[in-house]
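Colleague: Here you go, this is start-v9.pdb (PDB, C-alpha atoms, pLDDT in the B column).
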```
MODEL        1
ATOM      1  CA  MET R   7     123.146 129.200 160.595  1.00 97.00           C
ATOM      2  CA  ILE R   8     123.562 125.701 159.217  1.00 98.00           C
ATOM      3  CA  GLY R   9     125.221 124.838 155.909  1.00 98.00           C
ATOM      4  CA  VAL R  10     124.608 121.684 153.903  1.00 98.00           C
ATOM      5  CA  ILE R  11     126.620 120.252 151.037  1.00 98.00           C
ATOM      6  CA  ALA R  12     124.713 117.440 149.334  1.00 98.00           C
ATOM      7  CA  VAL R  13     126.698 115.409 146.810  1.00 98.00           C
ATOM      8  CA  LEU R  14     124.368 113.685 144.351  1.00 98.00           C
ATOM      9  CA  LYS R  15     125.439 111.078 141.799  1.00 98.00           C
ATOM     10  CA  VAL R  16     123.174 110.879 138.771  1.00 98.00           C
ATOM     11  CA  ALA R  17     122.876 107.843 136.486  1.00 98.00           C
ATOM     12  CA  GLU R  18     124.164 108.280 132.926  1.00 98.00           C
ATOM     13  CA  GLY R  19     121.428 109.406 130.558  1.00 98.00           C
ATOM     14  CA  LYS R  20     119.358 110.829 133.420  1.00 98.00           C
ATOM     15  CA  ASN R  21     120.965 114.287 133.746  1.00 98.00           C
ATOM     16  CA  ALA R  22     118.228 116.277 132.001  1.00 98.00           C
ATOM     17  CA  GLU R  23     115.418 114.568 133.901  1.00 98.00           C
ATOM     18  CA  PHE R  24     117.229 115.005 137.220  1.00 98.00           C
ATOM     19  CA  GLU R  25     117.964 118.679 136.568  1.00 98.00           C
ATOM     20  CA  ALA R  26     114.314 119.380 135.686  1.00 98.00           C
ATOM     21  CA  ILE R  27     113.037 117.737 138.882  1.00 98.00           C
ATOM     22  CA  PHE R  28     115.637 119.427 141.069  1.00 98.00           C
ATOM     23  CA  THR R  29     115.300 122.936 139.682  1.00 97.00           C
ATOM     24  CA  ASP R  30     111.527 122.692 140.158  1.00 98.00           C
ATOM     25  CA  LEU R  31     112.134 121.610 143.774  1.00 98.00           C
ATOM     26  CA  ALA R  32     114.571 124.476 144.321  1.00 98.00           C
ATOM     27  CA  LYS R  33     111.966 127.008 143.161  1.00 98.00           C
ATOM     28  CA  GLN R  34     109.493 125.664 145.709  1.00 98.00           C
ATOM     29  CA  VAL R  35     112.080 125.704 148.504  1.00 98.00           C
ATOM     30  CA  ARG R  36     113.059 129.317 147.805  1.00 97.00           C
ATOM     31  CA  ALA R  37     109.439 130.437 147.479  1.00 97.00           C
ATOM     32  CA  ASN R  38     108.077 128.721 150.591  1.00 98.00           C
ATOM     33  CA  GLU R  39     110.810 128.489 153.231  1.00 98.00           C
ATOM     34  CA  PRO R  40     111.737 131.769 154.920  1.00 97.00           C
ATOM     35  CA  GLY R  41     114.367 129.899 156.975  1.00 98.00           C
ATOM     36  CA  ASN R  42     116.145 128.692 153.835  1.00 98.00           C
ATOM     37  CA  LEU R  43     118.767 131.212 152.737  1.00 97.00           C
ATOM     38  CA  ALA R  44     120.295 129.401 149.754  1.00 98.00           C
ATOM     39  CA  TYR R  45     119.449 126.244 147.802  1.00 98.00           C
ATOM     40  CA  GLN R  46     121.596 126.086 144.704  1.00 98.00           C
ATOM     41  CA  LEU R  47     122.153 123.066 142.485  1.00 98.00           C
ATOM     42  CA  THR R  48     125.627 123.006 140.934  1.00 98.00           C
ATOM     43  CA  LYS R  49     127.426 120.599 138.659  1.00 98.00           C
ATOM     44  CA  SER R  50     130.974 119.313 138.950  1.00 98.00           C
ATOM     45  CA  ARG R  51     133.409 120.516 136.297  1.00 98.00           C
ATOM     46  CA  THR R  52     135.303 117.221 136.376  1.00 98.00           C
ATOM     47  CA  ASP R  53     132.576 114.535 136.635  1.00 98.00           C
ATOM     48  CA  PRO R  54     129.403 115.086 134.582  1.00 97.00           C
ATOM     49  CA  GLN R  55     127.434 112.682 136.804  1.00 98.00           C
ATOM     50  CA  THR R  56     128.233 114.535 140.039  1.00 98.00           C
ATOM     51  CA  TYR R  57     126.158 117.434 141.350  1.00 98.00           C
ATOM     52  CA  LYS R  58     126.560 119.380 144.584  1.00 98.00           C
ATOM     53  CA  VAL R  59     123.766 121.274 146.286  1.00 98.00           C
ATOM     54  CA  LEU R  60     124.875 124.266 148.379  1.00 98.00           C
ATOM     55  CA  GLU R  61     122.291 124.969 151.066  1.00 98.00           C
ATOM     56  CA  LEU R  62     122.067 127.482 153.912  1.00 98.00           C
ATOM     57  CA  TYR R  63     119.443 127.547 156.679  1.00 98.00           C
ATOM     58  CA  LYS R  64     118.801 130.050 159.426  1.00 98.00           C
ATOM     59  CA  ASP R  65     118.731 127.303 162.087  1.00 98.00           C
ATOM     60  CA  GLN R  66     118.011 123.621 162.788  1.00 98.00           C
ATOM     61  CA  ASP R  67     114.239 124.214 162.873  1.00 98.00           C
ATOM     62  CA  SER R  68     114.399 125.592 159.332  1.00 98.00           C
ATOM     63  CA  LEU R  69     116.375 122.570 158.143  1.00 98.00           C
ATOM     64  CA  THR R  70     113.954 120.165 159.828  1.00 98.00           C
ATOM     65  CA  ALA R  71     110.979 121.975 158.295  1.00 97.00           C
ATOM     66  CA  HIS R  72     112.598 121.717 154.848  1.00 98.00           C
ATOM     67  CA  GLY R  73     112.921 117.936 155.088  1.00 96.00           C
ATOM     68  CA  GLY R  74     109.309 117.614 156.183  1.00 97.00           C
ATOM     69  CA  THR R  75     107.669 119.416 153.266  1.00 98.00           C
ATOM     70  CA  ASP R  76     105.436 117.493 150.887  1.00 98.00           C
ATOM     71  CA  TYR R  77     107.265 118.867 147.843  1.00 98.00           C
ATOM     72  CA  PHE R  78     110.652 117.714 149.189  1.00 97.00           C
ATOM     73  CA  LYS R  79     109.358 114.197 149.796  1.00 97.00           C
ATOM     74  CA  ALA R  80     107.661 114.129 146.369  1.00 97.00           C
ATOM     75  CA  ALA R  81     110.829 115.320 144.596  1.00 97.00           C
ATOM     76  CA  GLY R  82     112.889 112.683 146.415  1.00 95.00           C
ATOM     77  CA  ALA R  83     110.570 109.953 145.144  1.00 96.00           C
ATOM     78  CA  LYS R  84     110.676 111.317 141.581  1.00 97.00           C
ATOM     79  CA  MET R  85     114.479 111.655 141.628  1.00 97.00           C
ATOM     80  CA  GLY R  86     115.064 108.108 142.882  1.00 96.00           C
ATOM     81  CA  PRO R  87     115.171 106.460 139.439  1.00 97.00           C
ATOM     82  CA  CYS R  88     117.642 109.137 138.216  1.00 98.00           C
ATOM     83  CA  MET R  89     120.256 108.473 140.866  1.00 98.00           C
ATOM     84  CA  GLY R  90     123.490 106.571 140.280  1.00 97.00           C
ATOM     85  CA  GLY R  91     124.402 106.083 143.928  1.00 95.00           C
ATOM     86  CA  ARG R  92     123.559 107.095 147.459  1.00 95.00           C
ATOM     87  CA  PRO R  93     123.686 110.817 148.253  1.00 96.00           C
ATOM     88  CA  GLU R  94     126.358 112.068 150.647  1.00 98.00           C
ATOM     89  CA  ILE R  95     125.064 114.839 152.890  1.00 98.00           C
ATOM     90  CA  GLU R  96     127.381 116.939 155.050  1.00 98.00           C
ATOM     91  CA  TYR R  97     126.012 119.250 157.741  1.00 98.00           C
ATOM     92  CA  LEU R  98     128.158 122.206 158.759  1.00 98.00           C
ATOM     93  CA  ASP R  99     127.804 124.829 161.485  1.00 98.00           C
ATOM     94  CA  GLY R 100     127.772 128.446 160.402  1.00 98.00           C
ATOM     95  CA  VAL R 101     130.450 130.665 161.942  1.00 98.00           C
TER
ATOM     96  CA  MET X   7     125.758 131.195 138.479  1.00 97.00           C
ATOM     97  CA  ILE X   8     129.015 129.805 139.869  1.00 98.00           C
ATOM     98  CA  GLY X   9     129.386 127.955 143.156  1.00 98.00           C
ATOM     99  CA  VAL X  10     132.574 127.666 145.161  1.00 98.00           C
ATOM    100  CA  ILE X  11     133.383 125.310 148.023  1.00 98.00           C
ATOM    101  CA  ALA X  12     136.625 126.364 149.729  1.00 98.00           C
ATOM    102  CA  VAL X  13     138.021 123.874 152.246  1.00 98.00           C
ATOM    103  CA  LEU X  14     140.321 125.616 154.715  1.00 98.00           C
ATOM    104  CA  LYS X  15     142.539 123.853 157.262  1.00 98.00           C
ATOM    105  CA  VAL X  16     143.359 125.958 160.290  1.00 98.00           C
ATOM    106  CA  ALA X  17     146.352 125.381 162.566  1.00 98.00           C
ATOM    107  CA  GLU X  18     145.587 124.261 166.128  1.00 98.00           C
ATOM    108  CA  GLY X  19     145.275 127.196 168.484  1.00 98.00           C
ATOM    109  CA  LYS X  20     144.498 129.596 165.636  1.00 98.00           C
ATOM    110  CA  ASN X  21     140.724 129.032 165.317  1.00 98.00           C
ATOM    111  CA  ALA X  22     139.590 132.216 167.063  1.00 98.00           C
ATOM    112  CA  GLU X  23     142.015 134.436 165.159  1.00 98.00           C
ATOM    113  CA  PHE X  24     141.094 132.814 161.845  1.00 98.00           C
ATOM    114  CA  GLU X  25     137.363 133.152 162.503  1.00 98.00           C
ATOM    115  CA  ALA X  26     137.709 136.840 163.385  1.00 98.00           C
ATOM    116  CA  ILE X  27     139.640 137.614 160.194  1.00 98.00           C
ATOM    117  CA  PHE X  28     137.290 135.604 158.011  1.00 98.00           C
ATOM    118  CA  THR X  29     134.020 136.914 159.388  1.00 97.00           C
ATOM    119  CA  ASP X  30     135.320 140.463 158.926  1.00 98.00           C
ATOM    120  CA  LEU X  31     136.190 139.580 155.304  1.00 98.00           C
ATOM    121  CA  ALA X  32     132.736 138.058 154.763  1.00 98.00           C
ATOM    122  CA  LYS X  33     131.044 141.270 155.936  1.00 98.00           C
ATOM    123  CA  GLN X  34     133.038 143.272 153.389  1.00 98.00           C
ATOM    124  CA  VAL X  35     132.258 140.809 150.592  1.00 98.00           C
ATOM    125  CA  ARG X  36     128.517 140.890 151.293  1.00 97.00           C
ATOM    126  CA  ALA X  37     128.483 144.684 151.625  1.00 97.00           C
ATOM    127  CA  ASN X  38     130.504 145.503 148.516  1.00 98.00           C
ATOM    128  CA  GLU X  39     129.947 142.827 145.868  1.00 98.00           C
ATOM    129  CA  PRO X  40     126.530 142.865 144.181  1.00 97.00           C
ATOM    130  CA  GLY X  41     127.585 139.811 142.131  1.00 98.00           C
ATOM    131  CA  ASN X  42     128.240 137.759 145.259  1.00 98.00           C
ATOM    132  CA  LEU X  43     125.086 135.959 146.355  1.00 97.00           C
ATOM    133  CA  ALA X  44     126.393 133.964 149.332  1.00 98.00           C
ATOM    134  CA  TYR X  45     129.661 133.887 151.289  1.00 98.00           C
ATOM    135  CA  GLN X  46     129.207 131.771 154.380  1.00 98.00           C
ATOM    136  CA  LEU X  47     131.957 130.391 156.601  1.00 98.00           C
ATOM    137  CA  THR X  48     131.037 127.032 158.126  1.00 98.00           C
ATOM    138  CA  LYS X  49     132.844 124.627 160.405  1.00 98.00           C
ATOM    139  CA  SER X  50     133.076 120.853 160.116  1.00 98.00           C
ATOM    140  CA  ARG X  51     131.225 118.849 162.751  1.00 98.00           C
ATOM    141  CA  THR X  52     133.850 116.103 162.684  1.00 98.00           C
ATOM    142  CA  ASP X  53     137.188 117.967 162.419  1.00 98.00           C
ATOM    143  CA  PRO X  54     137.574 121.164 164.478  1.00 97.00           C
ATOM    144  CA  GLN X  55     140.438 122.371 162.245  1.00 98.00           C
ATOM    145  CA  THR X  56     138.423 122.136 159.015  1.00 98.00           C
ATOM    146  CA  TYR X  57     136.235 124.949 157.704  1.00 98.00           C
ATOM    147  CA  LYS X  58     134.254 125.123 154.487  1.00 98.00           C
ATOM    148  CA  VAL X  59     133.214 128.341 152.782  1.00 98.00           C
ATOM    149  CA  LEU X  60     130.036 128.119 150.693  1.00 98.00           C
ATOM    150  CA  GLU X  61     130.086 130.799 148.011  1.00 98.00           C
ATOM    151  CA  LEU X  62     127.732 131.732 145.174  1.00 98.00           C
ATOM    152  CA  TYR X  63     128.407 134.269 142.402  1.00 98.00           C
ATOM    153  CA  LYS X  64     126.178 135.605 139.669  1.00 98.00           C
ATOM    154  CA  ASP X  65     128.826 134.905 136.999  1.00 98.00           C
ATOM    155  CA  GLN X  66     132.559 134.561 136.303  1.00 98.00           C
ATOM    156  CA  ASP X  67     133.049 138.330 136.209  1.00 98.00           C
ATOM    157  CA  SER X  68     131.696 138.559 139.757  1.00 98.00           C
ATOM    158  CA  LEU X  69     134.037 135.813 140.941  1.00 98.00           C
ATOM    159  CA  THR X  70     137.019 137.462 139.242  1.00 98.00           C
ATOM    160  CA  ALA X  71     136.128 140.823 140.789  1.00 97.00           C
ATOM    161  CA  HIS X  72     135.927 139.189 144.241  1.00 98.00           C
ATOM    162  CA  GLY X  73     139.451 137.816 143.983  1.00 96.00           C
ATOM    163  CA  GLY X  74     140.786 141.205 142.900  1.00 97.00           C
ATOM    164  CA  THR X  75     139.521 143.274 145.810  1.00 98.00           C
ATOM    165  CA  ASP X  76     142.003 144.866 148.192  1.00 98.00           C
ATOM    166  CA  TYR X  77     140.180 143.492 151.249  1.00 98.00           C
ATOM    167  CA  PHE X  78     140.314 139.920 149.883  1.00 97.00           C
ATOM    168  CA  LYS X  79     144.058 140.176 149.275  1.00 97.00           C
ATOM    169  CA  ALA X  80     144.606 141.773 152.698  1.00 97.00           C
ATOM    170  CA  ALA X  81     142.580 139.060 154.472  1.00 97.00           C
ATOM    171  CA  GLY X  82     144.520 136.341 152.647  1.00 95.00           C
ATOM    172  CA  ALA X  83     147.793 137.792 153.908  1.00 96.00           C
ATOM    173  CA  LYS X  84     146.463 138.068 157.467  1.00 97.00           C
ATOM    174  CA  MET X  85     145.070 134.512 157.430  1.00 97.00           C
ATOM    175  CA  GLY X  86     148.299 132.960 156.181  1.00 96.00           C
ATOM    176  CA  PRO X  87     149.860 132.381 159.625  1.00 97.00           C
ATOM    177  CA  CYS X  88     146.588 130.766 160.830  1.00 98.00           C
ATOM    178  CA  MET X  89     146.477 128.071 158.194  1.00 98.00           C
ATOM    179  CA  GLY X  90     147.391 124.435 158.778  1.00 97.00           C
ATOM    180  CA  GLY X  91     147.616 123.432 155.126  1.00 95.00           C
ATOM    181  CA  ARG X  92     146.885 124.549 151.599  1.00 95.00           C
ATOM    182  CA  PRO X  93     143.280 125.473 150.804  1.00 96.00           C
ATOM    183  CA  GLU X  94     141.314 123.269 148.408  1.00 98.00           C
ATOM    184  CA  ILE X  95     139.020 125.290 146.173  1.00 98.00           C
ATOM    185  CA  GLU X  96     136.347 123.658 144.007  1.00 98.00           C
ATOM    186  CA  TYR X  97     134.522 125.628 141.317  1.00 98.00           C
ATOM    187  CA  LEU X  98     131.069 124.404 140.315  1.00 98.00           C
ATOM    188  CA  ASP X  99     128.650 125.482 137.589  1.00 98.00           C
ATOM    189  CA  GLY X 100     125.179 126.537 138.679  1.00 98.00           C
ATOM    190  CA  VAL X 101     122.293 124.592 137.128  1.00 98.00           C
TER
ENDMDL
END
```
Is it possible to express this structure as structure tokens?
Modeller:
Amino acid sequence: MIGVIAVLKVAEGKNAEFEAIFTDLAKQVRANEPGNLAYQLTKSRTDPQTYKVLELYKDQDSLTAHGGTDYFKAAGAKMGPCMGGRPEIEYLDGV
Amino acid sequence: MIGVIAVLKVAEGKNAEFEAIFTDLAKQVRANEPGNLAYQLTKSRTDPQTYKVLELYKDQDSLTAHGGTDYFKAAGAKMGPCMGGRPEIEYLDGV
């Protein structure tokens, strides 16, 4: 099991557009990736421009496959103009 | 949907004991709480004393119920002597 916490900073005025792109991506991830066990977008309660994605994968192969999908790459390109900073991605080992 | 990221600092020499208590707790959470959607212990790749728990709940009622269970309270008491600092708990709103 591998966990991922992705911290995403969204530009002001871009929240709705970002959320629409990301929730569409999340639907595709959950529908198409048997090795993905959770892929949930959440929003900070203290900073309206900060989102955190909680992700769980069965193993490294599942995580690698996720990053290689066409829909993930397409969503990344669409989200680019919505972002207010570089994402911070932390990888964690399941216990 | 509510997300929780719990950052837990474990005292040196207490990792195995902590992991045993926590993974037993996680089994009880997943078996008994229909409103809990994920409860995964993970370990930092950069600091061997830092763990992060990725949690997802259907709603606030589910999260409140989780905190009120006897097994959660019992595990908290058992884990106490394993901890190397205060836990940091972040609550996040699902999008």
Colleague: Taking all atoms listed in the file into account, find every residue of chain X that has an atom no more than 12 Å from chain R, and write it out as a PyMOL selection string.
Modeller: chain X and resi 7-13+21-22+24-30+32+43-54+56-64+96-101
Colleague: Compile the contact shell of X:Leu31 as number ranges by chain: residues with an atom at most 9 Å away, counting all atoms listed in the file, same-chain residues fewer than 4 positions apart removed.
Modeller: X: 26-27, 35-36, 77-78, 81
Colleague: I need the residue set behind the PyMOL selection byres ((chain R and resi 15) around 7) for this file; please write it as a list in words.
Modeller: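 Taken over the shown coordinates, the PyMOL selection byres ((chain R and resi 15) around 7) returns Val13, Leu14, Val16, Ala17, Gln55, Thr56, Tyr57, Met89, Gly90, Gly91 and Pro93 of chain R.
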Colleague: Give me the box for stretch 45-53 of chain R as JSON, namely the centre and edge lengths in Å to one decimal of a box along x, y and z that holds every listed atom plus 3 Å on each side.
Modeller:
```
{"center_x": 127.4, "center_y": 120.4, "center_z": 142.0, "size_x": 21.9, "size_y": 17.7, "size_z": 17.5}
```
Colleague: For a test of reading the model, state the distance in Å between atom CA of X:Cys88 and atom CA of R:Asp65, rounded to one decimal.
Modeller: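 Between atom CA of X:Cys88 and atom CA of R:Asp65 the gap is 28.1 Å.
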Colleague: By how many Å are atom CA of R:Gln34 and atom CA of X:Lys33 apart?
Modeller: 28.5 Å
Colleague: Just to confirm, what's the straight-line distance from atom CA of X:Met85 to atom CA of X:His72 in Å (one decimal)?
Modeller: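 Separation between atom CA of X:Met85 and atom CA of X:His72: 16.7 Å.
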